[in-house]
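What follows is one structure encoded as structure tokens, with my remarks underneath.
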Amino acid sequence: MTVELPEISAATDEKVKSASASPDPACADQIAEDVYCPACAYNLRALISDRCPECGLDIAFIRSAESQLPWIHRNKVGRVRAYLMTIWMVLFRTKHFCLEMSRPVNEVEARRFRRVTIALAFAPFPAFTAALAWLRPDGYAAFVGFGGYTFAVAAHAAILAAILTVTAVPYYVIRHPDIALNRQKRAAALTLYCAAPLSLTGVAGALAMAGVVCSRVNNRDWDLAWYTAAAGVLLILAAVTVFDVQRVIRWMLGGARRSWPIILRLYCFGGLAAFLCLVGLPAAIAFLMIVVHSLS
Ligand SMILES: [Zn+2]
């Protein structure tokens, strides 16, 4: 798709009225699904012409209800390639990614994409811990501290729980009473794809492992620089993920409505979920351990 999309006009409004009363199945060129104009959110269902009747935009490029998300076409292009192309689309072709809410979004496929992404996002953490235990047993001992093996398990459970809950929060907060329900559902499904940047936590994992290897080989404290770089990459990936979600929210609202109430909800519930998982869960496990030890 090479069509340059127009920026959403601030004067546009969500309109859910249909272009005509009911689609005529005899007409093959009619748009058969609820497809929304990317500029004014007008429902183009049953439209025959290539122009939006509301704002006049040439909508030839959006006529097809077939998803342009590479992940949907992975049986044709290959799983790995489709996954990488989808990450590329979410990261660098944000407009075309957001445009997908104009047509039906397969939520089951979106959930599958998120599951794969969560697995990729989490895998570097146990890999790093294993590398630390193997190459720097002293560093591993300092990491697990008084809780021993249980603490390492609790820390990983907390990280996994945080990734699971924080990537689910946008799906539930992206709601607006004035937006057509199926457009909200499509936008919510697209937020599941917004976890895509987190699939690159392997880069941070590689940097952290370089720190472990460096400290092992050189027997110096160069590892701190590598760990800092790894933490920096994690922060950048988290920031890009939030940016992508905000873009989907703004696109859903069509620029005509203020997005800050939804974005505020996103930050509040996302922050709360992260806090409960990363602080509350380990604290609860530690408390349980203390109770069990005191009873035995
Ligand atoms: Zn329009």
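Each chain of the structure tokens is named A, B, ... in the order shown, its residues numbered from 1; ligands are numbered from 1 in display order.
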Every residue of range 22-262 of chain A that DSSP places in strand (DSSP E or B), as an NGL selection string: :A and (36 or 43 or 51 or 58)
Resulting file, chosen residues, N, CA and C atoms, as a compact mmCIF listing (two decimals), in the first residue's frame:
```txt
# COMPACT_ATOMS: atom_id res chain seq x y z
N TYR A 36 -14.72 2.13 8.00
CA TYR A 36 -14.85 3.55 8.37
C TYR A 36 -13.86 4.41 7.60
N ASN A 43 -19.21 5.78 8.37
CA ASN A 43 -19.36 4.36 8.03
C ASN A 43 -19.64 4.22 6.53
N ARG A 51 -15.38 7.68 -3.26
CA ARG A 51 -15.24 8.91 -2.48
C ARG A 51 -16.09 8.82 -1.23
N ASP A 58 -10.66 10.20 -1.14
CA ASP A 58 -10.58 9.05 -2.04
C ASP A 58 -10.35 7.81 -1.17
```
Surrounding residues of Cys52 in chain A excluding itself and chain neighbours under 5 positions, 10 Å, only C-alpha atoms, as JSON, numbers by chain: {"A": [19, 36, 37, 38, 39, 40, 41, 42, 43, 44, 47, 57, 58, 59, 60]}
Helix (DSSP H, G or I) per DSSP on the backbone: members of range 72-257 of chain A, as a ChimeraX atom specification: /A:72-77,79-92,94-102,107-122,124-135,137-147,149-166,169-173,181-193,196-218,223-253
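Residue neighbourhood of Arg250 in chain A, excluding near-sequence residues (fewer than 3 positions): Arg247, Leu253 and Ser259 of chain A, at 6 Å, using only C-alpha atoms.
With only C-alpha atoms as the atoms that count, the minimum distance from Ala238 in chain A to the choices A:Pro197, A:Asp178, A:Gly270, A:Val153 is reached by A:Pro197.
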Using only C-alpha atoms, tabulate the residues of range 106-127 of chain A lying at most 10 Å from any atom of range 162-177 of chain A, each with its closest atom pair and that distance in Å to one decimal, by chain and increasing residue number, as JSON lines.
```
{"residue": "A:Arg111", "atom": "CA", "partner": "A:Ala168", "partner_atom": "CA", "distance": 9.9}
{"residue": "A:Arg114", "atom": "CA", "partner": "A:Thr167", "partner_atom": "CA", "distance": 8.2}
{"residue": "A:Arg115", "atom": "CA", "partner": "A:Leu164", "partner_atom": "CA", "distance": 8.8}
{"residue": "A:Thr117", "atom": "CA", "partner": "A:Ile163", "partner_atom": "CA", "distance": 9.9}
{"residue": "A:Ile118", "atom": "CA", "partner": "A:Ile163", "partner_atom": "CA", "distance": 6.8}
{"residue": "A:Ala119", "atom": "CA", "partner": "A:Ile163", "partner_atom": "CA", "distance": 9.6}
{"residue": "A:Ala121", "atom": "CA", "partner": "A:Ile163", "partner_atom": "CA", "distance": 7.9}
{"residue": "A:Phe122", "atom": "CA", "partner": "A:Ile163", "partner_atom": "CA", "distance": 7.7}
```
Residue nearest Leu235 in chain A - candidates A:Ala154, A:Leu198, A:Cys214, A:Leu99, atoms counted: only C-alpha atoms: A:Leu198
Shell around Met89 in chain A at 10 Å using only C-alpha atoms, local window under 6 positions removed, as a list in words: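 Those residues are Gln68, Leu69, Pro70, Tyr83, Lys95, His96, Phe97, Cys98, Tyr193 and Ala196 of chain A.
Counting only C-alpha atoms and all ligand atoms, the residue from A:Asp34, A:Glu66, A:Glu54, A:Asp29 that sits nearest to ligand 1 is A:Glu54.
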Straight-line distance linking CA of Phe243 in chain A with CA of Gly211 in chain A, stated in Å to one decimal: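 That distance, rounded to one decimal, is 29.1 Å.
Minimum atom-to-atom distance to ligand 1, evaluated using only C-alpha atoms and all ligand atoms, belongs to A:Ser102 out of A:Gly232, A:Ser102, A:Val144, A:Ser67.
Minimum distance to ligand 1 across A:Ala110, A:Phe287, A:Thr129, A:Gly254 (counting only C-alpha atoms and all ligand atoms) occurs at A:Gly254.
Rounded to one decimal, CA of Arg265 in chain A and CA of Arg186 in chain A lie 18.8 Å from each other.
Of the residues under consideration (A:Ala133, A:Val105, A:Val35, A:Ala204), A:Val35 shows the shortest atom-to-atom contact distance to ligand 1 when counting only C-alpha atoms and all ligand atoms.
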Coordinates-based distance that separates CA of Arg63 in chain A from CA of Ala187 in chain A (Å, one decimal): 18.4 Å
